[in-house]
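Enquirer: The structure under discussion is supplied below as structure tokens; questions concerning it will follow.
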Amino acid sequence: MILILVNSDIGKKGNIGFRTGQVINVLKKKKINFIAISRGNKLSDSKNIFTLGPIGLICLFINFLRIYFFPKLDSNSINNKIYEYYVIFLYKFFDTKKIKIVYSWVYSKKLIKFFKEKNIKIITDVSMAPYQVGVKQMKAKIPSYQKQNEIYTILNSYKLISPSKFVQSKIFKFYKKKSKIIYFASNNFYEKKFTKIKTKKTIKFCFVGLINERKGIKYLIKAWRDNPIFKNHILYLCGRVFKKQKKLIKENKLKNVVLTGFVNPQEYLGKSDIFVFPTMMEGSAKAVFEAMAHSMPVITTEEAGSIVDNNKNGIIIKSKNSSELSRAMNFFIKNKVYIKKYGKKAYAKSKKYTWKRYSNEVVNFLSNDNI
């Protein structure tokens with residue numbers, strides 16, 4: 001039997017819980033026994049899924065306080081501790097002799113020690129690049145509790161799953177640990193006809209994600225502001241705008257920049273020509289998969305952990321480099337034929353990355369240990 005640990009809502013679109021839901025569906029089809037402990041559950045079948053229930057609302061409220069009132073509040077650490085104690089409390093009610101493997105999305109020194117003492121193997125699914133990347137890229141101040149949890153979890157896990165080559169390389173660099181790469185996927189696939197690209201005067205660029213420092217928005221704003229050619233084109237910024245970035249956008253009085261707010265990005269991906277994502281740190285950005293599935297060439301960084309092939313279906317630029325970003329965007333404006341050329345290749349590659357492939361790869365990897 002496998003015990004799944006995910007401090008998120010199973011089946012909820014756009015987060016770790018969604019991916020866990022895909023894995024659970026395959027476990028059910030293959031009749032592999034499992035128990036899942038999560039914050040919440042969006043799947044129609046809740047059998048063998050145990051949630052925090054009302055306690056989960058407390059966790060959501062803590063996140064709400066961090067987002068809107070206390071940005072320095074370490075909500076992750078608080079919620080993590082709540083989840084840890086809940087898992088240990090529930091565990092004693094299970095048929096523990098049957099549990100052979102813990103499949104976890106959680107960094108937790110407490111839980112790793114707890115299960116290692118019981119000789120249960122822990123396989124950790126790493127969703128983000130190691131914290132050292134954030135320190136280097138953004139001079140991020142990582143709470144010591146979070147650092148200790150990450151270090152102990154990665155070093156003491158039996159096996160690791162990485163979402164990209166970028167994350168795999170950083171795990172090995174900082175921890176000398178090997179990991180299995182299992183890429184994410186796209187929900188839908190839309191093949192564009194590109195019938196008006198040659199005569200199109202206005203090129204539409206699109207960004208999807210949290211509009212904050214980590215996503216490299218500062219460099220995108222600088223690139224858009226400093227190149228006068230962009231005044232004739234449109235940039236859609238889809239996602240929740242953080243205060244600092246909202247102020248920066250307002251101060252620069254950018255023309256033809258549309259802040260959509262938190263929306264379903266399908267509409268904007270469908271009517272845009274180029275996807276731009278100058279992030280400084282990811283695991284593997286799902287937004288890039290979605291953009292490629294909409295037949296869009298992608299301008300992004302190595303840190304995105306993407307499946308983009310440089311100068312084939314997109315352009316890979318250095319992070320924190322507004323000049324390179326500007327040149328890449330300008331390239332497509334001046335060479336519209338490459339929008340179609342790269343877009344078709346992006347679409348073709350994205351079709352290989354389905355959630356069916358992803359979930360089967362995860363389950364096969366877990367099954368190698370005879371769960």
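Every chain in the structure tokens takes a letter, A first, then B, and so on in the order presented; its residues are numbered from 1, and the ligands are numbered from 1 following the presented order.
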Write out as a tab-separated table the residues of segment 11-130 of chain A that have any atom within 12 Å of an atom of segment 137-142 of chain A, one row each with the nearest atom pair and its distance in Å to one decimal, counting only C-alpha atoms, sorted by chain and then rising number.

Expert:
residue	atom	partner	partner_atom	distance
A:Lys72	CA	A:Lys141	CA	10.1
A:Leu73	CA	A:Ile142	CA	11.8
A:Asp74	CA	A:Ile142	CA	9.5
A:Asn76	CA	A:Ile142	CA	11.1
A:Ser77	CA	A:Ile142	CA	10.9
A:Ala129	CA	A:Gln137	CA	11.4
A:Pro130	CA	A:Ile142	CA	11.0

Enquirer: If you run DSSP on this backbone, which residues of segment 3-118 of chain A come out as strand (DSSP E or B), and could you give them as a PyMOL selection string?

Expert: chain A and resi 3-10+34-41+49-51+101-104

Enquirer: If you count only C-alpha atoms, which residues fall within 10 Å of segment 247-252 of chain A, apart from same-chain ones fewer than 2 positions away, as an MDAnalysis selection string?

Expert: chainID A and resid 217:218 221:222 224:225 241:245 254:255 257 259

Enquirer: As a compact mmCIF listing (two decimals) with N, CA and C atoms, in the first residue's frame, please: the residues near Ile182 of chain A (cut-off 10 Å, only C-alpha atoms, same-chain neighbours under 4 positions excluded).

Expert:
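So the final result, stored in part02.txt, reads:
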# COMPACT_ATOMS: atom_id res chain seq x y z
N ASP A 125 8.31 13.96 -4.19
CA ASP A 125 8.12 14.64 -5.47
C ASP A 125 8.47 16.10 -5.27
N ILE A 161 11.64 12.59 -7.25
CA ILE A 161 11.11 12.87 -8.58
C ILE A 161 11.31 14.36 -8.86
N SER A 162 11.89 14.68 -10.00
CA SER A 162 12.08 16.08 -10.42
C SER A 162 11.13 16.40 -11.55
N PRO A 163 10.63 17.65 -11.63
CA PRO A 163 9.73 18.02 -12.72
C PRO A 163 10.45 18.51 -13.97
N SER A 164 11.79 18.61 -13.93
CA SER A 164 12.52 19.13 -15.09
C SER A 164 14.01 18.84 -14.97
N LYS A 165 14.71 18.98 -16.09
CA LYS A 165 16.17 18.80 -16.08
C LYS A 165 16.82 19.87 -15.22
N SER A 284 8.77 23.33 -12.85
CA SER A 284 8.51 23.25 -14.29
C SER A 284 7.19 23.99 -14.49
N ARG A 357 0.12 10.48 -19.69
CA ARG A 357 1.53 10.07 -19.69
C ARG A 357 2.16 10.35 -18.33
N TYR A 358 1.90 11.56 -17.80
CA TYR A 358 2.50 11.97 -16.52
C TYR A 358 2.12 11.01 -15.40
N SER A 359 0.82 10.78 -15.24
CA SER A 359 0.36 9.97 -14.11
C SER A 359 0.81 8.52 -14.24
N GLU A 361 3.59 7.52 -15.69
CA GLU A 361 5.03 7.51 -15.37
C GLU A 361 5.26 7.52 -13.87
N VAL A 362 4.48 8.35 -13.15
CA VAL A 362 4.62 8.41 -11.70
C VAL A 362 4.27 7.06 -11.08
N PHE A 365 6.85 4.45 -11.73
CA PHE A 365 8.04 4.68 -10.91
C PHE A 365 7.82 4.19 -9.48

Enquirer: Per DSSP on the backbone, filter segment 127-368 of chain A down to the residues in alpha helix (DSSP H) and report them as a PyMOL selection string.

Expert: chain A and resi 131-138+144-156+165-175+217-226+243-252+266-271+286-293+322-334+337-350+355-367

Enquirer: For Asn330 of chain A, which residue out of A:Val258, A:His294, A:Lys204, A:Ala348 is the nearest one, using only C-alpha atoms?

Expert: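 Among A:Val258, A:His294, A:Lys204, A:Ala348, it is A:Lys204 that comes nearest to Asn330 of chain A.
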
Enquirer: What does the structure give for the distance between atom CA of Val26 of chain A and atom CA of Leu366 of chain A, in Å to one decimal?

Expert: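 It comes out at 11.8 Å.
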
Enquirer: Can you tell me, as a PyMOL selection string, what residues are no more than 12 Å from Gly56 of chain A when counting only C-alpha atoms, ignoring any on the same chain fewer than 2 positions away?

Expert: chain A and resi 7-9+37-41+50-54+58-63+79-80+82-83+86

Enquirer: Here is a test: counting only C-alpha atoms, which residue of A:Val308, A:Leu325, A:Cys206, A:Ile229 is nearest to Gln266 of chain A?

Expert: A:Cys206

Enquirer: Rounded to one decimal place, report the atom CA of Ile112 of chain A-atom CA of Gly21 of chain A distance in Å.

Expert: 22.7 Å

Enquirer: Residues at most 10 Å from segment 305-307 of chain A, counting only C-alpha atoms, excluding those fewer than 5 positions away in the same chain, as a PyMOL selection string?

Expert: chain A and resi 128-129+162-168+183-184+279+281-289+292+298+300+313-314+316+346+349-350+353

Enquirer: Which value, in Å to one decimal, gives the distance between atom CA of Glu267 of chain A and atom CA of Phe207 of chain A?

Expert: 12.4 Å

Enquirer: Return the single residue from A:Lys215, A:Lys98, A:Lys312, A:His233 that is closest to Val276 of chain A, with distances computed using only C-alpha atoms.

Expert: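 Closest residue, counting only C-alpha atoms: A:Lys215.
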
Enquirer: For Phe114 of chain A, which residue among A:Glu302, A:Glu84, A:Glu213, A:Asp95 is the nearest when counting only C-alpha atoms?

Expert: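 Using only C-alpha atoms, Phe114 of chain A sits closest to A:Glu84.
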
Enquirer: So that I can see what lies close to Ala293 of chain A, please list as a list in words the residues with an atom at most 6 Å from it, counting only C-alpha atoms and leaving out residues fewer than 4 positions away in the same chain.

Expert: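 These residues fall inside the cut-off: Phe189, Tyr190, Tyr347 and Ser350 of chain A.
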
Enquirer: Restricting it to C-alpha atoms, dump the selection as a compact mmCIF listing (two decimals), in the first residue's frame.

Expert:
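See selection-v6.txt below for the written result:
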# COMPACT_ATOMS: atom_id res chain seq x y z
CA PHE A 189 -4.39 21.29 -27.15
CA TYR A 190 -5.31 23.96 -29.73
CA TYR A 347 2.21 22.44 -30.58
CA SER A 350 3.32 19.65 -26.39

Enquirer: Name the closest residue to Lys193 of chain A among the candidates A:Ile339, A:Leu235, A:Ala223, A:Leu27; distances are taken between atoms, counting only C-alpha atoms.

Expert: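 Using only C-alpha atoms, Lys193 of chain A sits closest to A:Ile339.
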